[in-house]
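Peer 1: What follows is work15.txt; its format and atoms are compact mmCIF, C-alpha atoms and all ligand atoms.
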# COMPACT_ATOMS: atom_id res chain seq x y z
CA MET A 1 17.51 53.19 27.11
CA THR A 2 13.92 54.00 26.39
CA ILE A 3 11.77 51.66 24.46
CA THR A 4 8.92 53.01 22.42
CA ALA A 5 5.69 51.59 23.67
CA LEU A 6 4.04 48.88 21.66
CA PRO A 7 0.40 48.73 22.64
CA GLY A 8 -0.37 45.98 25.07
CA VAL A 9 2.98 44.32 24.80
CA THR A 10 6.02 46.24 25.92
CA ASP A 11 4.77 47.12 29.38
CA ALA A 12 4.21 43.52 30.18
CA VAL A 13 7.50 42.48 28.64
CA MET A 14 9.38 45.14 30.61
CA ASN A 15 7.52 44.52 33.82
CA PRO A 16 6.19 41.01 34.23
CA ALA A 17 4.27 42.08 37.31
CA ILE A 18 1.77 43.93 35.11
CA LYS A 19 -1.05 41.61 34.19
CA ARG A 20 -1.24 41.58 30.43
CA ARG A 21 -4.64 42.09 28.96
CA PRO A 22 -4.94 41.59 25.22
CA ALA A 23 -6.42 44.37 23.11
CA GLU A 24 -9.97 44.16 21.78
CA GLY A 25 -10.46 41.08 19.60
CA PHE A 26 -7.10 39.58 20.50
CA THR A 27 -6.63 36.44 22.55
CA THR A 28 -3.53 35.47 24.38
CA ILE A 29 -2.24 32.12 23.27
CA THR A 30 0.73 30.16 24.56
CA LEU A 31 3.27 28.90 22.10
CA ILE A 32 5.73 26.31 23.36
CA VAL A 33 8.67 26.30 21.02
CA ARG A 34 11.38 23.68 20.95
CA ARG A 35 14.50 25.76 20.81
CA PHE A 36 18.08 24.82 20.20
CA ASP A 37 21.12 27.05 20.04
CA PRO A 38 24.16 24.99 19.03
CA GLU A 39 26.49 27.49 20.75
CA VAL A 40 24.79 27.17 24.12
CA ASP A 41 22.59 24.10 24.32
CA SER A 42 23.60 20.49 24.17
CA GLU A 43 19.95 19.44 23.96
CA PRO A 44 16.92 21.19 22.55
CA ARG A 45 14.68 22.76 25.19
CA TRP A 46 11.04 23.86 25.30
CA VAL A 47 10.40 27.59 25.84
CA ASP A 48 6.98 29.15 26.49
CA TYR A 49 5.80 32.42 24.95
CA ASP A 50 2.50 34.23 25.44
CA VAL A 51 1.38 36.06 22.33
CA ASP A 52 -1.69 38.18 21.61
CA THR A 53 -3.22 37.03 18.37
CA LEU A 54 -6.33 37.42 16.28
CA PRO A 55 -8.15 34.19 15.37
CA THR A 56 -7.30 34.87 11.73
CA ASP A 57 -3.60 35.24 12.47
CA ARG A 58 -1.33 32.47 11.37
CA ILE A 59 1.31 30.66 13.38
CA LEU A 60 3.85 32.57 11.33
CA ASP A 61 2.41 35.87 12.63
CA ALA A 62 2.72 34.60 16.18
CA LEU A 63 6.34 33.60 15.58
CA HIS A 64 7.01 37.04 14.11
CA LYS A 65 5.53 38.66 17.19
CA ILE A 66 7.81 36.62 19.40
CA LYS A 67 10.84 37.45 17.30
CA TRP A 68 10.04 41.15 16.95
CA GLU A 69 8.68 41.90 20.39
CA GLN A 70 9.96 39.32 22.84
CA ASP A 71 13.04 37.42 21.75
CA GLY A 72 14.96 38.40 18.64
CA SER A 73 17.08 35.27 18.80
CA LEU A 74 14.22 32.96 17.80
CA THR A 75 15.33 31.47 14.52
CA PHE A 76 13.06 30.16 11.80
CA ARG A 77 12.89 30.26 8.04
CA ARG A 78 10.25 32.01 6.01
CA SER A 79 10.17 33.95 2.82
CA CYS A 80 6.94 34.40 0.92
CA ALA A 81 4.58 34.11 3.92
CA HIS A 82 1.89 32.91 1.49
CA GLY A 83 2.40 29.20 1.07
CA VAL A 84 4.40 29.42 -2.13
CA CYS A 85 8.10 29.23 -1.29
CA GLY A 86 8.06 26.21 1.00
CA SER A 87 10.49 27.58 3.62
CA ASP A 88 8.45 27.36 6.79
CA ALA A 89 7.39 23.76 7.21
CA MET A 90 7.44 22.88 10.90
CA ARG A 91 5.79 20.53 13.35
CA ILE A 92 2.74 22.28 14.82
CA ASN A 93 0.98 20.32 17.55
CA GLY A 94 2.69 17.18 16.36
CA ARG A 95 1.84 17.50 12.67
CA ASN A 96 3.83 18.95 9.82
CA ARG A 97 2.32 22.18 8.56
CA LEU A 98 3.39 25.44 6.91
CA ALA A 99 3.40 28.12 9.62
CA CYS A 100 2.12 30.61 7.04
CA LYS A 101 -0.92 28.48 6.19
CA THR A 102 -1.96 27.46 9.70
CA LEU A 103 -4.56 29.76 11.25
CA ILE A 104 -4.80 30.15 15.02
CA LYS A 105 -8.55 29.54 14.85
CA ASP A 106 -7.99 26.12 13.31
CA LEU A 107 -6.03 25.07 16.39
CA ASP A 108 -7.31 25.04 19.93
CA PRO A 109 -6.20 28.44 21.31
CA THR A 110 -7.16 27.51 24.86
CA LYS A 111 -4.36 24.94 24.94
CA PRO A 112 -0.68 25.63 24.40
CA ILE A 113 0.49 25.16 20.83
CA TYR A 114 3.65 23.14 20.40
CA ILE A 115 6.04 24.21 17.67
CA GLU A 116 9.12 22.21 16.70
CA ALA A 117 11.40 21.71 13.77
CA ILE A 118 10.55 19.06 11.20
CA LYS A 119 11.84 15.61 12.08
CA GLY A 120 14.49 13.47 10.45
CA LEU A 121 16.76 16.21 9.13
CA PRO A 122 19.76 17.50 11.14
CA LEU A 123 18.71 20.30 13.46
CA GLU A 124 20.75 23.46 13.02
CA LYS A 125 19.07 26.06 15.20
CA ASP A 126 15.60 26.39 16.73
CA LEU A 127 13.21 25.66 13.85
CA VAL A 128 15.86 25.52 11.14
CA VAL A 129 17.10 22.17 9.86
CA ASP A 130 19.74 21.26 7.32
CA MET A 131 17.77 20.63 4.12
CA GLU A 132 20.72 19.29 2.15
CA PRO A 133 19.88 15.56 2.46
CA PHE A 134 16.38 16.42 1.27
CA PHE A 135 17.60 18.31 -1.78
CA ALA A 136 20.22 15.65 -2.52
CA SER A 137 17.41 13.09 -2.97
CA PHE A 138 15.48 15.59 -5.05
CA ARG A 139 18.45 16.11 -7.38
CA ALA A 140 19.07 12.37 -7.61
CA VAL A 141 15.80 11.69 -9.44
CA GLN A 142 16.70 14.08 -12.29
CA PRO A 143 13.80 16.48 -11.82
CA PHE A 144 14.04 18.22 -15.19
CA LEU A 145 12.72 17.59 -18.67
CA GLN A 146 14.91 15.38 -20.79
CA SER A 147 14.11 14.91 -24.43
CA HIS A 148 16.38 13.69 -27.18
CA THR A 149 14.26 14.91 -30.03
CA ALA A 150 14.33 18.54 -31.12
CA PRO A 151 11.07 20.44 -30.73
CA PRO A 152 9.24 21.25 -33.97
CA GLU A 153 10.95 24.09 -35.81
CA GLY A 154 10.11 27.40 -34.14
CA ARG A 155 7.48 25.84 -31.84
CA GLU A 156 7.23 24.53 -28.32
CA ARG A 157 6.65 20.87 -27.49
CA LEU A 158 2.93 20.36 -27.63
CA GLN A 159 0.99 18.24 -25.18
CA SER A 160 -2.67 17.30 -25.09
CA ALA A 161 -4.79 18.40 -22.16
CA ALA A 162 -5.23 14.76 -21.16
CA ASP A 163 -1.46 14.16 -21.19
CA ARG A 164 -0.95 17.26 -19.07
CA GLU A 165 -3.62 16.13 -16.66
CA ARG A 166 -1.76 12.86 -16.10
CA PHE A 167 0.85 14.48 -13.84
CA ASP A 168 -0.97 17.66 -12.84
CA ASP A 169 -1.10 16.81 -9.14
CA THR A 170 2.65 16.40 -8.78
CA THR A 171 3.47 19.71 -10.49
CA LYS A 172 2.23 21.55 -7.41
CA CYS A 173 5.13 20.67 -5.12
CA ILE A 174 6.90 23.59 -3.42
CA LEU A 175 9.68 21.46 -1.89
CA CYS A 176 8.80 22.31 1.68
CA ALA A 177 9.80 18.85 3.01
CA ALA A 178 6.66 18.55 5.12
CA CYS A 179 6.01 15.16 3.53
CA THR A 180 9.50 13.67 3.70
CA SER A 181 9.95 14.75 7.33
CA SER A 182 6.57 13.24 8.29
CA CYS A 183 7.58 9.80 7.05
CA PRO A 184 8.44 7.23 9.76
CA VAL A 185 10.59 5.37 7.26
CA PHE A 186 12.61 8.50 6.53
CA TRP A 187 13.12 9.20 10.26
CA THR A 188 14.80 5.86 10.79
CA ASP A 189 16.35 5.38 7.37
CA GLY A 190 17.88 8.61 6.08
CA GLN A 191 18.88 6.81 2.88
CA TYR A 192 15.27 6.55 1.71
CA PHE A 193 14.60 8.96 -1.17
CA GLY A 194 11.47 10.15 0.62
CA PRO A 195 8.07 11.19 -0.71
CA ALA A 196 9.08 14.59 -2.12
CA ALA A 197 11.75 13.13 -4.40
CA ILE A 198 9.28 10.52 -5.67
CA VAL A 199 6.63 13.19 -6.23
CA ASN A 200 9.08 15.14 -8.37
CA ALA A 201 10.15 12.02 -10.23
CA HIS A 202 6.47 11.25 -10.88
CA ARG A 203 6.05 14.71 -12.37
CA PHE A 204 8.52 13.83 -15.16
CA ILE A 205 8.00 10.07 -15.42
CA PHE A 206 4.41 10.67 -16.52
CA ASP A 207 5.15 13.71 -18.70
CA SER A 208 4.56 12.71 -22.33
CA ARG A 209 7.31 15.10 -23.48
CA ASP A 210 9.99 13.51 -21.35
CA GLU A 211 12.05 10.58 -22.62
CA GLU A 212 14.00 9.46 -19.58
CA ALA A 213 11.26 7.88 -17.50
CA GLU A 214 13.12 4.56 -17.65
CA VAL A 215 16.20 6.06 -16.03
CA ARG A 216 14.18 7.51 -13.17
CA LEU A 217 12.31 4.26 -12.68
CA ASP A 218 15.66 2.48 -12.47
CA ILE A 219 16.82 4.94 -9.83
CA LEU A 220 13.66 4.48 -7.79
CA ASN A 221 13.37 0.71 -8.29
CA ASP A 222 15.77 0.34 -5.41
CA LYS A 223 15.86 -0.86 -1.84
CA GLU A 224 15.91 2.80 -0.77
CA GLY A 225 13.51 3.83 -3.51
CA VAL A 226 9.75 3.46 -3.87
CA TRP A 227 9.77 0.05 -2.17
CA ARG A 228 10.64 1.66 1.16
CA CYS A 229 7.19 3.26 1.18
CA ARG A 230 5.03 1.60 3.84
CA THR A 231 1.86 3.51 2.95
CA THR A 232 1.46 5.32 6.27
CA PHE A 233 -0.16 8.26 4.42
CA ASN A 234 1.55 10.77 6.74
CA CYS A 235 2.95 12.52 3.65
CA SER A 236 -0.41 12.88 1.91
CA GLU A 237 -1.87 14.25 5.11
CA ALA A 238 1.00 16.71 5.69
CA CYS A 239 1.32 18.16 2.18
CA PRO A 240 0.27 21.83 2.23
CA ARG A 241 -0.49 21.63 -1.49
CA GLY A 242 -2.87 18.73 -1.04
CA ILE A 243 -0.88 16.47 -3.34
CA GLN A 244 -2.03 12.85 -3.20
CA ILE A 245 1.51 11.75 -2.49
CA THR A 246 0.92 8.12 -1.55
CA LYS A 247 -1.13 7.75 -4.72
CA ALA A 248 1.74 9.18 -6.77
CA ILE A 249 4.18 6.81 -5.06
CA SER A 250 1.98 3.80 -5.75
CA GLU A 251 1.69 4.87 -9.39
CA VAL A 252 5.47 4.90 -9.60
CA LYS A 253 5.56 1.49 -7.89
CA ALA A 254 3.09 0.17 -10.43
CA ALA A 255 5.07 1.68 -13.30
CA THR A 256 8.29 0.00 -12.18
CA ILE A 257 6.72 -3.45 -12.16
CA ARG A 258 4.61 -3.05 -15.29
CA ARG A 259 7.37 -1.79 -17.51
CA PRO A 260 7.64 -1.17 -20.37
CA ASP A 261 4.13 -1.57 -21.70
CA LYS A 262 2.52 0.78 -19.18
CA ILE A 263 4.82 3.70 -19.76
CA LYS A 264 4.30 4.89 -23.27
CA ILE A 265 6.47 7.86 -24.04
CA ALA A 266 4.63 9.51 -26.87
CA MET B 1 29.91 37.35 21.56
CA VAL B 2 31.49 35.01 24.02
CA SER B 3 30.16 31.52 24.08
CA LEU B 4 28.59 30.70 27.43
CA LYS B 5 29.59 27.09 27.26
CA PRO B 6 32.98 25.54 27.92
CA ALA B 7 34.62 24.40 24.73
CA PRO B 8 33.62 20.84 23.87
CA ALA B 9 36.17 18.19 24.62
CA PRO B 10 38.39 17.67 21.58
CA GLY B 11 37.08 15.02 19.27
CA ARG B 12 33.55 15.32 20.67
CA VAL B 13 31.89 18.00 18.64
CA PRO B 14 28.30 18.15 19.96
CA LEU B 15 26.35 17.50 16.80
CA PRO B 16 22.85 18.88 16.97
CA LYS B 17 20.59 15.90 17.15
CA ALA B 18 17.33 15.64 15.35
CA PRO B 19 14.79 16.78 17.94
CA ALA B 20 12.90 13.93 19.41
CA GLY B 21 10.12 16.25 20.45
CA THR B 22 6.50 15.22 20.52
CA VAL B 23 5.17 12.01 19.04
CA TYR B 24 4.11 12.60 15.45
CA ARG B 25 0.34 12.66 15.33
CA GLY B 26 -0.48 10.57 12.33
CA HIS B 27 -3.88 9.33 11.30
CA GLU B 28 -5.31 5.87 10.53
CA GLY B 29 -2.59 5.22 7.95
CA MET B 30 0.25 5.67 10.42
CA TRP B 31 -1.35 3.79 13.29
CA SER B 32 -2.34 0.89 11.06
CA TRP B 33 1.32 0.68 10.04
CA VAL B 34 2.44 0.76 13.69
CA LEU B 35 -0.01 -2.04 14.55
CA HIS B 36 1.05 -3.99 11.47
CA ARG B 37 4.69 -3.79 12.61
CA ILE B 38 3.97 -4.80 16.20
CA THR B 39 1.73 -7.71 15.22
CA GLY B 40 4.22 -8.74 12.54
CA VAL B 41 7.11 -8.92 15.00
CA ALA B 42 4.95 -10.76 17.55
CA ILE B 43 3.90 -13.33 14.93
CA PHE B 44 7.50 -13.76 13.87
CA PHE B 45 8.61 -14.69 17.38
CA PHE B 46 5.67 -17.05 17.76
CA LEU B 47 6.58 -18.79 14.50
CA LEU B 48 10.18 -19.12 15.67
CA VAL B 49 9.08 -20.92 18.84
CA HIS B 50 6.45 -22.86 16.94
CA VAL B 51 8.94 -24.17 14.39
CA LEU B 52 11.27 -25.21 17.23
CA ASP B 53 8.62 -27.04 19.26
CA THR B 54 7.18 -28.74 16.20
CA ALA B 55 10.68 -29.82 15.19
CA LEU B 56 10.83 -31.69 18.51
CA VAL B 57 8.35 -34.24 17.19
CA ARG B 58 11.00 -35.58 14.87
CA ILE B 59 13.56 -35.89 17.65
CA SER B 60 11.42 -37.24 20.44
CA PRO B 61 7.61 -37.51 20.31
CA GLN B 62 7.53 -37.88 24.12
CA THR B 63 9.34 -34.58 24.68
CA TYR B 64 7.06 -33.02 22.10
CA ASN B 65 3.98 -34.20 23.97
CA GLY B 66 5.50 -32.96 27.21
CA VAL B 67 6.17 -29.50 25.78
CA ILE B 68 2.71 -29.27 24.26
CA ALA B 69 1.17 -30.29 27.58
CA THR B 70 2.87 -27.34 29.29
CA TYR B 71 1.01 -25.05 26.88
CA LYS B 72 -2.32 -26.12 28.32
CA ASN B 73 -2.57 -23.50 31.01
CA PRO B 74 -4.48 -20.22 31.32
CA ILE B 75 -1.44 -18.00 30.68
CA MET B 76 -0.75 -19.76 27.39
CA GLY B 77 -4.46 -19.64 26.67
CA LEU B 78 -4.43 -15.87 26.94
CA GLY B 79 -1.27 -15.82 24.86
CA GLU B 80 -3.11 -17.73 22.14
CA LEU B 81 -5.92 -15.22 22.30
CA PHE B 82 -3.45 -12.37 21.70
CA LEU B 83 -1.76 -14.38 18.98
CA VAL B 84 -5.01 -14.91 17.10
CA ALA B 85 -5.88 -11.22 17.54
CA ALA B 86 -2.49 -10.26 16.08
CA ILE B 87 -2.74 -12.68 13.16
CA VAL B 88 -6.29 -11.63 12.28
CA PHE B 89 -5.33 -7.95 12.22
CA HIS B 90 -2.14 -8.61 10.29
CA ALA B 91 -3.98 -10.69 7.72
CA PHE B 92 -6.83 -8.28 7.07
CA ASN B 93 -4.57 -5.24 7.09
CA GLY B 94 -2.21 -7.07 4.75
CA LEU B 95 -5.07 -7.38 2.26
CA ARG B 96 -5.72 -3.65 2.73
CA ILE B 97 -2.09 -2.85 1.91
CA ILE B 98 -2.23 -5.04 -1.20
CA LEU B 99 -5.32 -3.14 -2.33
CA ILE B 100 -3.59 0.20 -1.66
CA ASP B 101 -0.70 -0.85 -3.85
CA PHE B 102 -2.53 -2.60 -6.67
CA TRP B 103 -6.07 -1.25 -6.82
CA SER B 104 -6.05 1.97 -8.83
CA VAL B 105 -8.27 3.83 -6.36
CA GLY B 106 -6.94 1.99 -3.31
CA THR B 107 -5.08 5.00 -1.89
CA ARG B 108 -8.27 7.05 -1.98
CA HIS B 109 -10.17 4.51 0.11
CA GLN B 110 -7.40 3.58 2.54
CA ARG B 111 -9.10 5.19 5.51
CA ALA B 112 -12.45 3.45 4.90
CA MET B 113 -10.57 0.19 4.32
CA PHE B 114 -8.82 0.60 7.67
CA TRP B 115 -12.15 0.78 9.46
CA ILE B 116 -13.40 -2.23 7.48
CA VAL B 117 -10.30 -4.09 8.69
CA ILE B 118 -11.16 -3.13 12.27
CA ALA B 119 -14.78 -4.21 11.76
CA LEU B 120 -13.73 -7.58 10.31
CA TRP B 121 -11.29 -7.98 13.18
CA VAL B 122 -14.02 -7.34 15.74
CA VAL B 123 -16.38 -9.82 14.04
CA THR B 124 -13.70 -12.51 13.85
CA MET B 125 -12.63 -11.99 17.43
CA ALA B 126 -16.24 -12.01 18.58
CA GLY B 127 -16.42 -15.50 17.13
CA PHE B 128 -13.16 -16.72 18.62
CA ALA B 129 -12.65 -14.95 21.94
CA PRO B 130 -15.67 -16.39 23.83
CA ARG B 131 -14.74 -19.95 22.83
CA GLN B 132 -11.14 -19.43 23.87
CA LEU B 133 -12.21 -17.84 27.16
CA MET B 134 -14.40 -20.88 27.85
CA VAL B 135 -11.41 -23.14 27.29
CA ILE B 136 -9.27 -21.02 29.60
CA ILE B 137 -11.94 -21.00 32.30
CA SER B 138 -12.42 -24.77 32.08
CA GLU B 139 -8.63 -25.14 32.45
CA VAL B 140 -8.64 -22.97 35.54
CA ALA B 141 -11.62 -24.90 36.94
CA SER B 142 -10.11 -28.35 36.36
S1 LIG A 301 5.00 17.04 -2.00
FE1 LIG A 301 3.85 18.52 -0.72
S2 LIG A 301 4.72 18.21 1.35
FE2 LIG A 301 6.14 17.26 -0.07
S3 LIG A 301 7.70 18.82 -0.48
FE3 LIG A 301 6.14 18.98 -2.12
S4 LIG A 301 4.66 20.50 -1.38
FE4 LIG A 301 5.91 19.90 0.41
S1 LIG A 302 6.78 31.33 4.06
FE1 LIG A 302 6.73 30.67 1.97
S2 LIG A 302 5.59 28.84 2.18
FE2 LIG A 302 5.39 29.66 4.17
Using structure tokens, write down the structure that the file contains.

Peer 2:
Amino acid sequence: MTITALPGVTDAVMNPAIKRRPAEGFTTITLIVRRFDPEVDSEPRWVDYDVDTLPTDRILDALHKIKWEQDGSLTFRRSCAHGVCGSDAMRINGRNRLACKTLIKDLDPTKPIYIEAIKGLPLEKDLVVDMEPFFASFRAVQPFLQSHTAPPEGRERLQSAADRERFDDTTKCILCAACTSSCPVFWTDGQYFGPAAIVNAHRFIFDSRDEEAEVRLDILNDKEGVWRCRTTFNCSEACPRGIQITKAISEVKAATIRRPDKIKIA
Amino acid sequence: MVSLKPAPAPGRVPLPKAPAGTVYRGHEGMWSWVLHRITGVAIFFFLLVHVLDTALVRISPQTYNGVIATYKNPIMGLGELFLVAAIVFHAFNGLRIILIDFWSVGTRHQRAMFWIVIALWVVTMAGFAPRQLMVIISEVAS
């Protein structure tokens, strides 16, 4: 079988004796990926890959290069590749990041870069985890608009700019799970709703058009609800959308204890 | 494709575990929480012992005095130093956590507040540690 030459790569892959030299502008970085194949491995294992990258490449590009040029069995999730869909949250050098938003130049390319699946959710294969517990908590907070009054005839429900501003931050969530899987409480207590679910509850609790804030506050005013938050700020630091998650959680905490006067549903 | 591994023993399906992997690299928030936990547990065990030894005074003041006398040695002196260090951190950081939860802009200033906690801790310990070390040294000397 002949393999069509890919510049600078295939020779070295085919014949490890050839010293690889990256093309102009490229640097060779080492990615150490924590891999797990449920059909073969009983424990995850670390595997090294050398990849030629540009400083402006993202970790996702490096993973693609591995998958396309070195080892097609490397499994990870991605879709939009532009920080919108939330599929490729992973632990990069010990911190949760989106692979598609992490540039090589923002890491130290002289040292190996460690890539692993997000923590606290069941590992399925390589960088893919079972997201179901995460989405179950998301669904449990009723993340949809609930109003018992009909909108004005032939019009949409109006909202002032100030009322919209109230929950603007928490509308940005892309459900990537970077926050929930960075939370030490969630790692040890899988029952905790987790930051993402609270962020999405916040988005409707403080929406002036919604009328079921009380129900959501009841759901979250629970041992496994907002009170599990220990303000470690890992979630706020991990969120690729820059949502002030711990702030949102503490606003929900405050709302549950200051009911009902604080929550005025207009 | 044929699986390379022998079939798992019946009843023991190897469930993929969550990867332990590297230690999560949190920032001030996470490490303050770790310290708060450790100091909290340490203080709890001290209080447990402290309640027990103080309860002795009701049973037998002589035994109580005897037990307290055994505390007057350099090892216990160092233990007290660590205890005070733990309590001071736990107390100041506890105030920080209260501010995070109840002060409307507390979450925004959590990082600065952490370093204030550390500064207050250093100042307090600078007042206490030399005194305690003097006591320990005089115990060793006597
Ligand atoms: S809050 Fe941020 S980190 Fe959490 S799921 Fe949404 S976008 Fe991801
Ligand atoms: S691939 Fe869609 S967010 Fe990264």

Peer 1: Just the residues within 12 Å of Ile116 (chain B), please, counting only C-alpha atoms, with nothing from its chain fewer than 3 positions along; format it as a compact mmCIF listing (two decimals) with C-alpha atoms, in the coordinates of the input.

Peer 2:
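New file result_26.txt:
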# COMPACT_ATOMS: atom_id res chain seq x y z
CA GLU B 28 -5.31 5.87 10.53
CA PHE B 89 -5.33 -7.95 12.22
CA PHE B 92 -6.83 -8.28 7.07
CA ASN B 93 -4.57 -5.24 7.09
CA LEU B 95 -5.07 -7.38 2.26
CA ARG B 96 -5.72 -3.65 2.73
CA HIS B 109 -10.17 4.51 0.11
CA GLN B 110 -7.40 3.58 2.54
CA ARG B 111 -9.10 5.19 5.51
CA ALA B 112 -12.45 3.45 4.90
CA MET B 113 -10.57 0.19 4.32
CA ALA B 119 -14.78 -4.21 11.76
CA LEU B 120 -13.73 -7.58 10.31
CA TRP B 121 -11.29 -7.98 13.18
CA VAL B 122 -14.02 -7.34 15.74
CA VAL B 123 -16.38 -9.82 14.04

Peer 1: Identify all chain A residues at most 7 Å from chain B by counting only C-alpha atoms; ligands do not count. Present them as a list of chain:residue names.

Peer 2: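 Here they are: A:Pro38, A:Glu39, A:Val40, A:Ser42, A:Pro44, A:Gly94, A:Arg95, A:Lys119, A:Gly120, A:Leu121, A:Pro122, A:Leu123, A:Glu124, A:Thr231, A:Thr232, A:Phe233, A:Asn234, A:Thr246, A:Lys247, A:Ser250.
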
Peer 1: May I have the residues from that selection written out with C-alpha atoms, as a PDB file, in the frame of the given file?

Peer 2:
ATOM      1  CA  PRO A  38      24.160  24.990  19.030  1.00  0.00           C
ATOM      2  CA  GLU A  39      26.490  27.490  20.750  1.00  0.00           C
ATOM      3  CA  VAL A  40      24.790  27.170  24.120  1.00  0.00           C
ATOM      4  CA  SER A  42      23.600  20.490  24.170  1.00  0.00           C
ATOM      5  CA  PRO A  44      16.920  21.190  22.550  1.00  0.00           C
ATOM      6  CA  GLY A  94       2.690  17.180  16.360  1.00  0.00           C
ATOM      7  CA  ARG A  95       1.840  17.500  12.670  1.00  0.00           C
ATOM      8  CA  LYS A 119      11.840  15.610  12.080  1.00  0.00           C
ATOM      9  CA  GLY A 120      14.490  13.470  10.450  1.00  0.00           C
ATOM     10  CA  LEU A 121      16.760  16.210   9.130  1.00  0.00           C
ATOM     11  CA  PRO A 122      19.760  17.500  11.140  1.00  0.00           C
ATOM     12  CA  LEU A 123      18.710  20.300  13.460  1.00  0.00           C
ATOM     13  CA  GLU A 124      20.750  23.460  13.020  1.00  0.00           C
ATOM     14  CA  THR A 231       1.860   3.510   2.950  1.00  0.00           C
ATOM     15  CA  THR A 232       1.460   5.320   6.270  1.00  0.00           C
ATOM     16  CA  PHE A 233      -0.160   8.260   4.420  1.00  0.00           C
ATOM     17  CA  ASN A 234       1.550  10.770   6.740  1.00  0.00           C
ATOM     18  CA  THR A 246       0.920   8.120  -1.550  1.00  0.00           C
ATOM     19  CA  LYS A 247      -1.130   7.750  -4.720  1.00  0.00           C
ATOM     20  CA  SER A 250       1.980   3.800  -5.750  1.00  0.00           C
TER      21      SER A 250
END

Peer 1: Which residues come within 12 Å of Ile174 (chain A), counting all atoms listed in the file, excluding same-chain residues fewer than 2 positions away, as a list of chain:residue names?

Peer 2: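 Skipping anything fewer than 2 positions along the chain leaves A:Cys80, A:His82, A:Gly83, A:Val84, A:Cys85, A:Gly86, A:Ser87, A:Asp88, A:Ala89, A:Leu98, A:Phe138, A:Asp169, A:Thr170, A:Thr171, A:Lys172, A:Cys176, A:Ala177, A:Ala178, A:Cys179, A:Ala196, A:Ala197, A:Val199, A:Asn200, A:Cys239, A:Pro240, A:Arg241, A:Gly242, A:Ile243.
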
Peer 1: Edge lengths and centre, in Å to one decimal, as lines of an AutoDock Vina configuration file: that's what I need for the box along x, y and z that holds all listed atoms of region 48-57 of chain B plus 4 Å on each side.

Peer 2:
center_x = 8.9
center_y = -26.7
center_z = 16.8
size_x = 12.8
size_y = 23.1
size_z = 12.9

Peer 1: With only C-alpha atoms and all ligand atoms as the basis for distance, which of A:Thr110, A:Ser79, A:Ser137, A:Ser208 is at the shortest distance from ligand LIG 302 (chain A)?

Peer 2: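 With only C-alpha atoms and all ligand atoms as the atom set, the closest residue is A:Ser79.
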
Peer 1: Grab the CA of Lys125 (chain A) to CA of Thr30 (chain A) distance for me, in Å with one decimal place.

Peer 2: 21.0 Å

Peer 1: Would you mind reading off the distance between CA of Pro184 (chain A) and CA of Ile118 (chain A), one decimal, in Å?

Peer 2: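 So the answer is 12.1 Å.
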